[in-house]
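Structure file target.cif with mmCIF, C-alpha atoms:
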```cif
data_work
loop_
_atom_site.label_atom_id
_atom_site.label_comp_id
_atom_site.auth_asym_id
_atom_site.auth_seq_id
_atom_site.Cartn_x
_atom_site.Cartn_y
_atom_site.Cartn_z
CA MET V 1 -6.68 -74.37 5.64
CA THR V 2 -4.31 -74.26 2.66
CA LYS V 3 -2.01 -71.30 2.04
CA ASN V 4 -3.91 -70.47 -1.17
CA ASN V 5 -7.23 -70.29 0.70
CA ALA V 6 -5.66 -68.10 3.42
CA ARG V 7 -4.33 -65.71 0.78
CA LEU V 8 -7.75 -65.57 -0.93
CA ILE V 9 -9.51 -64.74 2.35
CA LEU V 10 -6.90 -62.07 3.10
CA LEU V 11 -7.36 -60.47 -0.34
CA ILE V 12 -11.16 -60.46 0.01
CA SER V 13 -10.89 -58.90 3.48
CA CYS V 14 -8.56 -56.17 2.22
CA PHE V 15 -10.90 -55.47 -0.72
CA CYS V 16 -13.87 -55.12 1.64
CA LEU V 17 -11.94 -52.82 3.95
CA LEU V 18 -10.88 -50.59 1.04
CA ASN V 19 -14.48 -50.39 -0.19
CA LEU V 20 -15.64 -49.44 3.28
CA PHE V 21 -12.91 -46.78 3.55
CA PHE V 22 -13.76 -45.10 0.24
CA TYR V 23 -17.50 -45.31 0.95
CA THR V 24 -16.94 -43.62 4.29
CA LEU V 25 -14.68 -40.99 2.75
CA ALA V 26 -17.20 -40.20 0.02
CA GLY V 27 -19.97 -39.58 2.53
CA ALA V 28 -17.83 -37.70 5.03
CA GLU V 29 -17.32 -34.00 5.51
CA THR V 30 -13.75 -33.02 6.35
CA ASP V 31 -13.38 -30.38 9.01
CA GLU V 32 -10.35 -28.17 9.55
CA PRO V 33 -8.73 -28.74 12.95
CA LEU V 34 -9.52 -26.31 15.71
CA GLU V 35 -5.88 -25.32 15.88
CA PRO V 36 -2.52 -26.17 14.28
CA ASN V 37 0.25 -28.16 15.83
CA SER V 38 1.70 -26.54 18.92
CA PRO V 39 4.36 -25.40 18.32
CA PRO V 40 3.69 -25.00 14.60
CA ALA V 41 5.39 -27.45 12.26
CA TRP V 42 6.91 -25.00 9.81
CA GLU V 43 7.20 -25.66 6.09
CA ASN V 44 10.31 -24.68 4.15
CA VAL V 45 11.32 -21.06 4.50
CA LEU V 46 10.66 -18.74 1.53
CA THR V 47 12.61 -15.63 0.60
CA ILE V 48 10.11 -12.82 -0.02
CA SER V 49 12.38 -9.96 -1.07
CA SER V 50 14.29 -9.86 -4.35
CA ASP V 51 16.74 -7.09 -3.45
CA SER V 52 19.69 -7.14 -1.06
CA GLY V 53 18.48 -4.38 1.23
CA ALA V 54 15.17 -5.50 2.77
CA ARG V 55 14.17 -4.91 6.38
CA LEU V 56 11.31 -4.41 8.87
CA PRO V 57 8.67 -6.86 7.57
CA SER V 58 4.93 -6.69 8.26
CA VAL V 59 2.58 -9.59 7.40
CA ALA V 60 -1.21 -9.61 7.05
CA ALA V 61 -3.77 -12.24 6.03
CA ALA V 62 -7.20 -11.61 4.52
CA PRO V 63 -10.01 -12.90 6.77
CA ASN V 64 -12.29 -13.99 3.91
CA SER V 65 -9.94 -15.22 1.19
CA LYS V 66 -6.62 -16.98 0.67
CA GLU V 67 -4.64 -13.78 0.22
CA VAL V 68 -1.50 -13.07 2.26
CA ILE V 69 0.70 -10.00 1.96
CA VAL V 70 4.17 -9.18 3.25
CA ALA V 71 5.31 -5.54 3.26
CA TYR V 72 8.82 -4.32 4.03
CA ILE V 73 11.28 -1.48 3.51
CA SER V 74 13.34 -1.98 0.35
CA GLN V 75 16.74 -0.42 -0.32
CA ARG V 76 16.58 0.76 -3.94
CA SER V 77 20.21 1.83 -4.46
CA ALA V 78 23.53 2.15 -2.69
CA LEU V 79 22.35 5.48 -1.30
CA LYS V 80 21.16 4.69 2.20
CA GLU V 81 18.27 7.16 2.04
CA ASN V 82 16.85 5.69 -1.19
CA THR V 83 14.24 3.35 0.30
CA ASP V 84 10.60 2.63 -0.52
CA PRO V 85 7.82 0.49 0.99
CA TYR V 86 7.46 -2.72 -1.03
CA TYR V 87 5.18 -5.75 -0.88
CA HIS V 88 4.90 -9.33 -2.14
CA ASP V 89 1.61 -11.19 -2.03
CA SER V 90 0.22 -14.71 -2.23
CA SER V 91 -3.19 -15.88 -3.42
CA ASN V 92 -2.93 -19.44 -2.06
CA ASN V 93 -2.47 -19.11 1.72
CA GLY V 94 1.24 -18.43 1.44
CA ALA V 95 2.10 -21.62 -0.45
CA THR V 96 3.77 -19.55 -3.18
CA PHE V 97 4.52 -15.90 -3.84
CA THR V 98 4.40 -15.48 -7.60
CA GLY V 99 5.89 -12.69 -9.66
CA SER V 100 8.21 -10.11 -8.15
CA PRO V 101 7.86 -7.74 -5.20
CA ALA V 102 6.28 -4.43 -6.16
CA PRO V 103 6.31 -0.93 -4.67
CA ILE V 104 3.56 0.35 -2.42
CA ASN V 105 4.90 3.80 -3.17
CA THR V 106 7.99 5.23 -4.92
CA ASN V 107 9.67 8.50 -4.11
CA ALA V 108 13.36 8.99 -4.86
CA SER V 109 13.55 12.18 -2.80
CA THR V 110 12.35 10.61 0.48
CA GLU V 111 13.46 7.78 2.75
CA ALA V 112 10.86 5.21 3.78
CA ILE V 113 11.50 4.23 7.39
CA ASP V 114 8.77 1.83 8.53
CA VAL V 115 5.65 0.20 7.02
CA ALA V 116 2.60 -1.70 8.28
CA VAL V 117 -0.17 -3.49 6.35
CA THR V 118 -3.64 -4.89 7.03
CA PHE V 119 -6.57 -6.49 5.16
CA ASP V 120 -10.20 -5.49 5.47
CA ASN V 121 -13.10 -7.95 5.23
CA SER V 122 -13.33 -7.37 1.48
CA SER V 123 -9.75 -8.67 1.09
CA VAL V 124 -8.47 -5.18 0.20
CA ALA V 125 -5.02 -4.34 1.55
CA HIS V 126 -4.14 -1.03 3.23
CA ALA V 127 -0.66 0.31 4.03
CA LEU V 128 0.70 2.91 6.44
CA TRP V 129 4.32 4.09 6.37
CA ILE V 130 6.73 6.89 7.28
CA GLU V 131 8.83 8.97 4.91
CA ALA V 132 11.66 11.36 5.75
CA THR V 133 12.62 14.14 3.38
CA ASN V 134 16.15 15.33 2.64
CA SER V 135 15.67 18.08 5.23
CA ASP V 136 14.73 15.38 7.76
CA ASN V 137 11.09 16.39 7.92
CA ARG V 138 8.86 13.38 8.47
CA GLU V 139 5.50 12.37 7.05
CA LEU V 140 3.01 9.64 7.91
CA ARG V 141 1.41 8.35 4.70
CA TYR V 142 -1.47 5.98 3.91
CA ALA V 143 -2.57 4.25 0.70
CA LYS V 144 -5.24 1.76 -0.27
CA GLU V 145 -4.17 -1.16 -2.46
CA SER V 146 -5.93 0.31 -5.50
CA SER V 147 -3.72 3.42 -5.19
CA TRP V 148 -0.38 1.58 -5.15
CA PRO V 149 2.19 2.79 -6.17
CA THR V 150 1.15 6.12 -7.66
CA SER V 151 -0.65 7.98 -4.89
CA SER V 152 -0.97 8.26 -1.13
CA SER V 153 -2.56 10.57 1.41
CA LEU V 154 -0.78 12.50 4.13
CA ARG V 155 -1.91 11.68 7.66
CA ALA V 156 0.60 13.66 9.76
CA SER V 157 3.82 15.62 9.30
CA VAL V 158 6.50 17.26 11.43
CA THR V 159 9.48 19.44 10.60
CA ASN V 160 13.06 18.98 11.76
CA PRO V 161 13.76 18.15 14.60
CA GLY V 162 10.34 16.50 14.93
CA VAL V 163 9.86 12.73 14.73
CA ILE V 164 7.20 10.25 13.68
CA PHE V 165 7.70 6.53 14.19
CA THR V 166 6.07 3.13 14.78
CA PRO V 167 3.01 3.29 12.47
CA ARG V 168 0.39 0.60 13.08
CA ILE V 169 -2.84 -0.04 11.15
CA VAL V 170 -5.80 -2.37 11.78
CA ALA V 171 -8.95 -2.92 9.70
CA SER V 172 -12.24 -3.96 11.29
CA GLY V 173 -15.09 -4.77 8.96
CA SER V 174 -15.02 -3.68 5.32
CA ASN V 175 -14.69 0.08 5.78
CA THR V 176 -13.24 0.91 9.19
CA LEU V 177 -9.52 1.54 9.63
CA ASP V 178 -7.69 2.59 12.79
CA ILE V 179 -4.11 3.80 12.94
CA VAL V 180 -1.74 4.78 15.76
CA TRP V 181 1.74 6.26 15.76
CA ALA V 182 4.22 8.12 17.98
CA GLN V 183 4.90 11.78 17.19
CA SER V 184 6.70 14.84 18.50
CA SER V 185 7.25 18.31 17.13
CA SER V 186 10.39 18.80 19.24
CA GLY V 187 12.08 15.46 18.66
CA ILE V 188 12.36 14.81 22.39
CA ILE V 189 9.03 14.15 24.10
CA THR V 190 6.68 12.04 21.98
CA ASP V 191 2.99 11.27 22.38
CA ILE V 192 0.74 8.57 20.90
CA TYR V 193 -1.77 9.65 18.24
CA HIS V 194 -4.80 7.90 16.76
CA ALA V 195 -6.95 8.42 13.67
CA ARG V 196 -9.93 6.53 12.23
CA SER V 197 -11.51 6.17 8.80
CA THR V 198 -15.04 4.80 8.43
CA ASN V 199 -15.09 4.86 4.60
CA GLY V 200 -12.24 2.57 3.67
CA GLY V 201 -9.49 5.17 3.91
CA SER V 202 -11.08 7.90 1.76
CA SER V 203 -11.18 10.34 4.68
CA TRP V 204 -9.97 10.37 8.28
CA SER V 205 -11.05 11.91 11.56
CA ILE V 206 -10.08 12.24 15.24
CA SER V 207 -6.38 12.64 14.45
CA LYS V 208 -5.25 13.72 17.90
CA VAL V 209 -3.09 12.72 20.82
CA ILE V 210 -4.42 9.88 22.99
CA LEU V 211 -2.59 11.10 26.10
CA ASP V 212 -0.49 14.25 26.39
CA THR V 213 2.36 13.60 28.80
CA ALA V 214 5.74 15.12 29.62
CA ASP V 215 7.41 11.72 29.19
CA LEU V 216 8.59 9.62 26.25
CA SER V 217 5.70 7.66 24.71
CA GLN V 218 6.83 5.10 22.14
CA SER V 219 6.14 1.80 20.35
CA PRO V 220 2.32 1.89 20.16
CA ASP V 221 0.26 -1.09 19.03
CA LEU V 222 -3.49 -1.53 18.68
CA ALA V 223 -6.23 -4.12 18.28
CA VAL V 224 -9.95 -3.75 17.57
CA ALA V 225 -12.61 -6.22 18.72
CA SER V 226 -16.30 -5.97 19.58
CA SER V 227 -16.28 -2.26 18.59
CA ILE V 228 -13.61 -1.47 21.18
CA ILE V 229 -10.23 0.00 20.23
CA HIS V 230 -7.44 -1.29 22.49
CA VAL V 231 -4.09 0.58 22.50
CA VAL V 232 -0.84 -0.11 24.34
CA TRP V 233 2.49 1.68 24.34
CA SER V 234 5.68 2.10 26.35
CA GLU V 235 5.82 5.18 28.59
CA GLY V 236 9.12 6.49 29.99
CA LEU V 237 12.79 6.51 29.06
CA ILE V 238 14.14 4.74 32.15
CA ASN V 239 12.02 2.31 34.17
CA ALA V 240 9.40 2.43 31.42
CA LYS V 241 5.89 1.04 31.87
CA ILE V 242 3.33 -0.37 29.44
CA ASN V 243 0.23 1.81 29.32
CA TYR V 244 -3.17 0.50 28.22
CA VAL V 245 -6.23 2.50 27.14
CA GLN V 246 -9.43 1.71 25.27
CA SER V 247 -12.08 3.64 23.37
CA THR V 248 -15.68 2.56 22.93
CA ASN V 249 -16.67 5.49 20.68
CA GLY V 250 -14.27 5.23 17.75
CA GLY V 251 -11.48 7.21 19.39
CA SER V 252 -13.46 10.32 20.34
CA SER V 253 -12.45 9.72 23.96
CA TRP V 254 -10.22 7.28 25.82
CA SER V 255 -10.24 5.56 29.18
CA ALA V 256 -7.76 6.62 31.84
CA PRO V 257 -4.41 4.89 31.16
CA ILE V 258 -3.37 2.06 33.44
CA GLN V 259 0.16 0.68 33.78
CA ILE V 260 -0.42 -3.01 33.14
CA SER V 261 3.27 -3.99 33.19
CA ASN V 262 3.20 -3.52 36.97
CA ARG V 263 1.21 -6.78 37.06
CA SER V 264 4.29 -8.79 36.02
CA SER V 265 6.75 -6.77 38.10
CA ALA V 266 8.59 -5.58 34.99
CA THR V 267 11.12 -2.85 35.81
CA ASN V 268 11.70 -1.46 32.29
CA ALA V 269 8.86 -2.50 29.97
CA LEU V 270 9.26 -1.90 26.22
CA GLU V 271 8.06 -3.02 22.75
CA PRO V 272 4.45 -4.07 23.48
CA SER V 273 2.39 -6.22 21.11
CA ILE V 274 -1.39 -6.67 21.48
CA ILE V 275 -4.19 -8.87 20.13
CA ALA V 276 -7.90 -8.88 21.00
CA ILE V 277 -10.47 -11.61 20.29
CA GLY V 278 -13.94 -10.88 21.59
CA SER V 279 -13.57 -9.60 25.14
CA VAL V 280 -10.15 -11.22 25.66
CA VAL V 281 -7.10 -8.98 25.29
CA GLN V 282 -3.52 -10.29 25.34
CA VAL V 283 -0.31 -8.26 25.52
CA ALA V 284 3.36 -9.23 25.27
CA TYR V 285 6.29 -6.93 26.01
CA THR V 286 9.99 -6.92 26.86
CA ASN V 287 11.47 -6.31 30.29
CA ARG V 288 14.89 -4.83 29.48
CA VAL V 289 17.24 -4.85 32.47
CA SER V 290 20.36 -4.52 30.32
CA ALA V 291 21.51 -5.32 26.78
CA ASP V 292 22.09 -9.01 27.60
CA ASN V 293 19.42 -9.33 30.28
CA GLN V 294 16.03 -9.11 28.57
CA ALA V 295 12.94 -11.29 28.83
CA VAL V 296 9.45 -11.33 27.32
CA HIS V 297 6.43 -10.96 29.62
CA TYR V 298 2.79 -11.75 28.86
CA LEU V 299 -0.53 -10.57 30.31
CA ARG V 300 -4.11 -11.61 29.64
CA CYS V 301 -7.38 -9.82 30.36
CA ASN V 302 -10.66 -11.70 30.02
CA GLY V 303 -12.90 -8.62 30.09
CA ASN V 304 -13.39 -5.19 31.67
CA CYS V 305 -9.77 -4.40 30.87
CA THR V 306 -9.84 -0.85 32.24
CA ASN V 307 -9.70 -2.46 35.70
CA ILE V 308 -6.05 -3.19 36.50
CA ASN V 309 -7.05 -6.16 38.68
CA ASN V 310 -8.42 -7.98 35.62
CA TRP V 311 -4.98 -8.29 34.02
CA ILE V 312 -3.56 -11.73 34.78
CA SER V 313 0.16 -12.52 34.97
CA SER V 314 1.30 -16.14 35.05
CA ASN V 315 4.57 -17.97 34.33
CA ASN V 316 6.38 -14.68 33.74
CA PRO V 317 8.75 -14.14 32.16
CA VAL V 318 7.13 -16.43 29.59
CA SER V 319 10.29 -16.44 27.47
CA GLY V 320 12.10 -18.39 30.17
CA ILE V 321 15.84 -17.72 30.33
CA LYS V 322 17.12 -14.25 29.54
CA VAL V 323 18.27 -13.21 26.06
CA GLY V 324 20.11 -10.22 24.67
CA ALA V 325 20.08 -7.86 21.70
CA ASN V 326 22.72 -5.91 19.81
CA VAL V 327 23.17 -2.53 21.46
CA GLY V 328 23.38 -0.60 18.18
CA ASP V 329 20.53 -2.37 16.37
CA PRO V 330 17.92 -3.51 17.39
CA PHE V 331 18.75 -2.55 21.01
CA ASP V 332 15.59 -4.17 22.42
CA VAL V 333 14.20 -7.68 22.23
CA ALA V 334 10.92 -7.43 20.28
CA SER V 335 8.02 -9.90 20.22
CA THR V 336 4.89 -10.64 18.20
CA ILE V 337 1.75 -12.45 19.31
CA ALA V 338 -1.14 -14.31 17.64
CA GLN V 339 -3.82 -16.85 18.56
CA VAL V 340 -5.18 -19.88 16.71
CA GLY V 341 -7.82 -21.98 18.41
CA SER V 342 -7.02 -22.10 22.10
CA CYS V 343 -3.28 -21.61 21.61
CA THR V 344 -1.55 -18.25 21.82
CA HIS V 345 1.77 -18.14 19.98
CA LEU V 346 4.55 -15.70 20.84
CA TYR V 347 7.76 -15.22 18.86
CA PHE V 348 10.65 -12.89 19.60
CA HIS V 349 14.20 -12.19 18.53
CA GLY V 350 17.07 -12.49 20.98
CA VAL V 351 20.64 -13.64 21.49
CA GLN V 352 20.90 -16.94 23.36
CA THR V 353 24.64 -17.54 22.86
CA GLY V 354 27.27 -15.88 20.70
CA ALA V 355 26.51 -12.58 18.97
CA ASN V 356 23.54 -13.26 16.69
CA GLU V 357 19.86 -12.80 17.45
CA GLN V 358 17.61 -15.76 16.65
CA VAL V 359 13.83 -15.97 16.19
CA ILE V 360 12.41 -18.04 19.04
CA GLY V 361 8.85 -19.08 19.85
CA LEU V 362 6.72 -20.37 22.70
CA ASP V 363 3.00 -20.95 23.21
CA SER V 364 0.35 -21.05 25.88
CA CYS V 365 -0.58 -24.67 25.15
CA GLY V 366 2.92 -25.65 26.25
CA ARG V 367 2.54 -23.49 29.36
CA TRP V 368 4.89 -20.79 28.05
CA SER V 369 8.30 -21.03 29.72
CA PHE V 370 7.69 -24.70 30.51
CA SER V 371 7.37 -25.57 26.82
CA ALA V 372 10.25 -26.42 24.51
CA ARG V 373 11.50 -23.36 22.66
CA ASP V 374 10.77 -23.28 18.95
CA VAL V 375 14.12 -22.01 17.65
CA VAL V 376 13.26 -20.98 14.09
CA THR V 377 16.63 -19.65 12.88
CA SER V 378 20.22 -20.76 13.35
CA SER V 379 22.85 -18.71 15.14
CA SER V 380 24.82 -18.35 11.89
CA ILE V 381 22.69 -15.34 10.87
CA ARG V 382 21.16 -12.39 12.67
CA ALA V 383 17.36 -12.77 12.57
CA LEU V 384 15.30 -9.76 13.69
CA ASN V 385 11.83 -8.23 13.85
CA PRO V 386 9.47 -11.23 13.66
CA ASP V 387 5.81 -10.63 12.83
CA LEU V 388 2.91 -13.11 13.05
CA ALA V 389 -0.44 -13.36 11.28
CA THR V 390 -3.11 -16.06 11.31
CA GLN V 391 -5.82 -17.01 8.85
CA ASN V 392 -9.13 -18.84 9.21
CA ASN V 393 -8.13 -20.39 12.53
CA TRP V 394 -5.91 -22.74 10.54
CA TRP V 395 -2.82 -21.05 9.09
CA VAL V 396 0.00 -19.36 11.01
CA TYR V 397 2.38 -17.07 9.11
CA LEU V 398 5.73 -15.84 10.40
CA VAL V 399 8.01 -13.30 8.74
CA TYR V 400 11.37 -12.03 9.94
CA GLU V 401 14.34 -10.02 8.75
CA ASP V 402 17.51 -11.90 7.84
CA LYS V 403 19.80 -9.06 8.87
CA THR V 404 22.96 -10.83 7.74
CA ASN V 405 21.78 -11.11 4.14
CA ALA V 406 19.31 -8.17 4.20
CA GLN V 407 16.40 -10.35 3.12
CA ILE V 408 12.84 -10.96 4.29
CA LYS V 409 11.94 -14.58 5.10
CA PHE V 410 8.49 -16.16 5.29
CA LEU V 411 7.25 -19.33 6.99
CA ARG V 412 3.85 -20.95 7.20
CA ASN V 413 2.79 -23.85 9.37
CA LEU V 414 1.90 -27.36 8.32
CA PRO V 415 -1.49 -27.71 10.04
CA ALA V 416 -2.39 -30.79 12.04
CA ILE V 417 -4.11 -33.46 9.94
CA TYR V 418 -7.40 -34.80 11.20
CA LEU V 419 -9.24 -37.87 9.91
CA PRO V 420 -12.52 -37.20 8.08
CA LEU V 421 -15.46 -36.42 10.31
CA ILE V 422 -18.56 -38.51 9.53
CA ARG V 423 -21.82 -36.64 9.95
CA LYS V 424 -25.04 -38.63 9.96
#
```

Can you dump the structure from the file as structure tokens?
Amino acid sequence: MTKNNARLILLISCFCLLNLFFYTLAGAETDEPLEPNSPPAWENVLTISSDSGARLPSVAAAPNSKEVIVAYISQRSALKENTDPYYHDSSNNGATFTGSPAPINTNASTEAIDVAVTFDNSSVAHALWIEATNSDNRELRYAKESSWPTSSSLRASVTNPGVIFTPRIVASGSNTLDIVWAQSSSGIITDIYHARSTNGGSSWSISKVILDTADLSQSPDLAVASSIIHVVWSEGLINAKINYVQSTNGGSSWSAPIQISNRSSATNALEPSIIAIGSVVQVAYTNRVSADNQAVHYLRCNGNCTNINNWISSNNPVSGIKVGANVGDPFDVASTIAQVGSCTHLYFHGVQTGANEQVIGLDSCGRWSFSARDVVTSSSIRALNPDLATQNNWWVYLVYEDKTNAQIKFLRNLPAIYLPLIRK
């Protein structure tokens, strides 16, 4: 065979293969992968805030659209108390955040302390935050996206020396909202409160304490799945435990609290984070032995979670080696948890070496502490308060506070790429 004939045959073969490829592609339906890479392959980091005094980010993703929102506390002037809740949103799954951040609410006479956001099934955002007045009275405020930034409704208030902190909000369906927070009228002993709205935030009910104790109740978090409200919080000042309760009637009554952190032998359990998908509930929390001896624990319950024996502890502490946190701020190592496909992702801030906290991640698909750590930030900056959100079983979003530069940073994953699926 001559060289010219060989080249001709090769060209014809390539042409046939290309035709076959495009024919197959035209008749194929492409499916999204069941889950992203594990750990996520992050795209370039984006700066969300436009000021130089941003902190405490909260991220949420709409379940039925491409909308993503990041809320945070924004310093509006050199006066420390002049802060407002701000947000920046994306309409293309976090690829870009166009325009400038905007206020959720503005009030020059109050100090915004903490903010949380969520999306309902109609892709409407809802925000919950805390404001402190000049006399150090505190208020818990709520606003629907259509009311930003001009109006908000008061959910709870206390006078000096009372406290309100750690607001959390979750939407389930198009009209149901649940919120939890910690509150005290004396400023010493706090309890966890819950309220629910069944009309998209227009009115609220059942605003009462979940459990009245003589101990310090703090750092509540909640999740709603299959019409069950799941709530966790840290109970106690020294040798604290993580309490879990659930309500099957919208918060009218609650199950007896159980101390789930005993399952992982944690001695001082703080900063819980919870997610619920169907009947499966997952909780992460910090076991703080000392400032430089902290580790993240993880528990899973596959159903009937009011029974302490159904909470499973494995590979704890899942964070592996111990980390630390600055004693003045943030004091505790804090974590955030989310699930995509069969993989549960957990990210936390902590000091590995030196003096700066870094954002670090692990996942269940890598068998937690046995997996390679996903070190998201360098040790040249202090990175705090990570928060995770997922979207459509495909996207993973991570926000954190760049404490060194007082900015809010955003990351999204580069999902795994699958070849087209051919359906006959």

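Picture a line from CA of Ser77 (chain V) to CA of Pro103 (chain V); it runs 14.2 Å.
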
Problem - Ground truth for the PyMOL selection byres ((chain V and resi 75) around 7), written as a list in words - result: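 Residues picked by the PyMOL selection byres ((chain V and resi 75) around 7): Gly53, Ala54, Ile73, Ser74, Arg76, Ser77, Asn82, Thr83 and Asp84 of chain V.
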
Would you export the selected residues with C-alpha atoms as a PDB file, in the frame of the given file, please?
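The result, written out as selection-v3.pdb:
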```
ATOM      1  CA  GLY V  53      18.480  -4.380   1.230  1.00  0.00           C
ATOM      2  CA  ALA V  54      15.170  -5.500   2.770  1.00  0.00           C
ATOM      3  CA  ILE V  73      11.280  -1.480   3.510  1.00  0.00           C
ATOM      4  CA  SER V  74      13.340  -1.980   0.350  1.00  0.00           C
ATOM      5  CA  ARG V  76      16.580   0.760  -3.940  1.00  0.00           C
ATOM      6  CA  SER V  77      20.210   1.830  -4.460  1.00  0.00           C
ATOM      7  CA  ASN V  82      16.850   5.690  -1.190  1.00  0.00           C
ATOM      8  CA  THR V  83      14.240   3.350   0.300  1.00  0.00           C
ATOM      9  CA  ASP V  84      10.600   2.630  -0.520  1.00  0.00           C
TER      10      ASP V  84
END
```

Using only the atoms of region 60-75 of chain V listed in the file, plus 5 Å on each side, state the axis-aligned box centre and edge lengths in Å rounded to one decimal, as AutoDock Vina command-line options.
```
--center_x 2.2 --center_y -8.7 --center_z 3.4 --size_x 39.0 --size_y 26.6 --size_z 17.4
```

For a cutoff of 8 Å around the file-coordinate point (2.9, -15.7, 26.1), which residues qualify once you count all atoms listed in the file? I'd like the result as a PDB file with C-alpha atoms, in the coordinates of the input.
```pdb
ATOM      1  CA  ALA V 284       3.360  -9.230  25.270  1.00  0.00           C
ATOM      2  CA  VAL V 296       9.450 -11.330  27.320  1.00  0.00           C
ATOM      3  CA  HIS V 297       6.430 -10.960  29.620  1.00  0.00           C
ATOM      4  CA  TYR V 298       2.790 -11.750  28.860  1.00  0.00           C
ATOM      5  CA  LEU V 299      -0.530 -10.570  30.310  1.00  0.00           C
ATOM      6  CA  VAL V 318       7.130 -16.430  29.590  1.00  0.00           C
ATOM      7  CA  SER V 319      10.290 -16.440  27.470  1.00  0.00           C
ATOM      8  CA  ILE V 337       1.750 -12.450  19.310  1.00  0.00           C
ATOM      9  CA  THR V 344      -1.550 -18.250  21.820  1.00  0.00           C
ATOM     10  CA  HIS V 345       1.770 -18.140  19.980  1.00  0.00           C
ATOM     11  CA  LEU V 346       4.550 -15.700  20.840  1.00  0.00           C
ATOM     12  CA  LEU V 362       6.720 -20.370  22.700  1.00  0.00           C
ATOM     13  CA  ASP V 363       3.000 -20.950  23.210  1.00  0.00           C
ATOM     14  CA  SER V 364       0.350 -21.050  25.880  1.00  0.00           C
ATOM     15  CA  TRP V 368       4.890 -20.790  28.050  1.00  0.00           C
TER      16      TRP V 368
END
```

Exercise for the section: For the file shown, report as a list in words the outcome of the PyMOL selection byres ((chain V and resi 139-147) around 8) at residue level. Expected result: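 Applying the expression gives Ile104, Val124, Ala125, His126, Ala127, Leu128, Trp129, Ile130, Glu131, Ala132, Asn137, Arg138, Trp148, Pro149, Thr150, Ser151, Ser152, Ser153, Leu154, Arg155, Ala156, Ser157, Val158, Ile164, Pro167 and Gly201 of chain V.
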
What does the PyMOL selection byres ((chain V and resi 233) around 10) select in this file, as a tab-separated table (two decimals) with C-alpha atoms, in the coordinates of the input?
```tsv
chain	number	residue	atom	x	y	z
V	181	TRP	CA	1.74	6.26	15.76
V	182	ALA	CA	4.22	8.12	17.98
V	191	ASP	CA	2.99	11.27	22.38
V	192	ILE	CA	0.74	8.57	20.90
V	217	SER	CA	5.70	7.66	24.71
V	218	GLN	CA	6.83	5.10	22.14
V	219	SER	CA	6.14	1.80	20.35
V	220	PRO	CA	2.32	1.89	20.16
V	221	ASP	CA	0.26	-1.09	19.03
V	222	LEU	CA	-3.49	-1.53	18.68
V	231	VAL	CA	-4.09	0.58	22.50
V	232	VAL	CA	-0.84	-0.11	24.34
V	234	SER	CA	5.68	2.10	26.35
V	235	GLU	CA	5.82	5.18	28.59
V	236	GLY	CA	9.12	6.49	29.99
V	240	ALA	CA	9.40	2.43	31.42
V	241	LYS	CA	5.89	1.04	31.87
V	242	ILE	CA	3.33	-0.37	29.44
V	243	ASN	CA	0.23	1.81	29.32
V	244	TYR	CA	-3.17	0.50	28.22
V	245	VAL	CA	-6.23	2.50	27.14
V	259	GLN	CA	0.16	0.68	33.78
V	269	ALA	CA	8.86	-2.50	29.97
V	270	LEU	CA	9.26	-1.90	26.22
V	271	GLU	CA	8.06	-3.02	22.75
V	272	PRO	CA	4.45	-4.07	23.48
V	273	SER	CA	2.39	-6.22	21.11
V	274	ILE	CA	-1.39	-6.67	21.48
V	285	TYR	CA	6.29	-6.93	26.01
```

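Coordinates place CA of Val45 (chain V) at a distance of 15.0 Å from CA of Thr98 (chain V).
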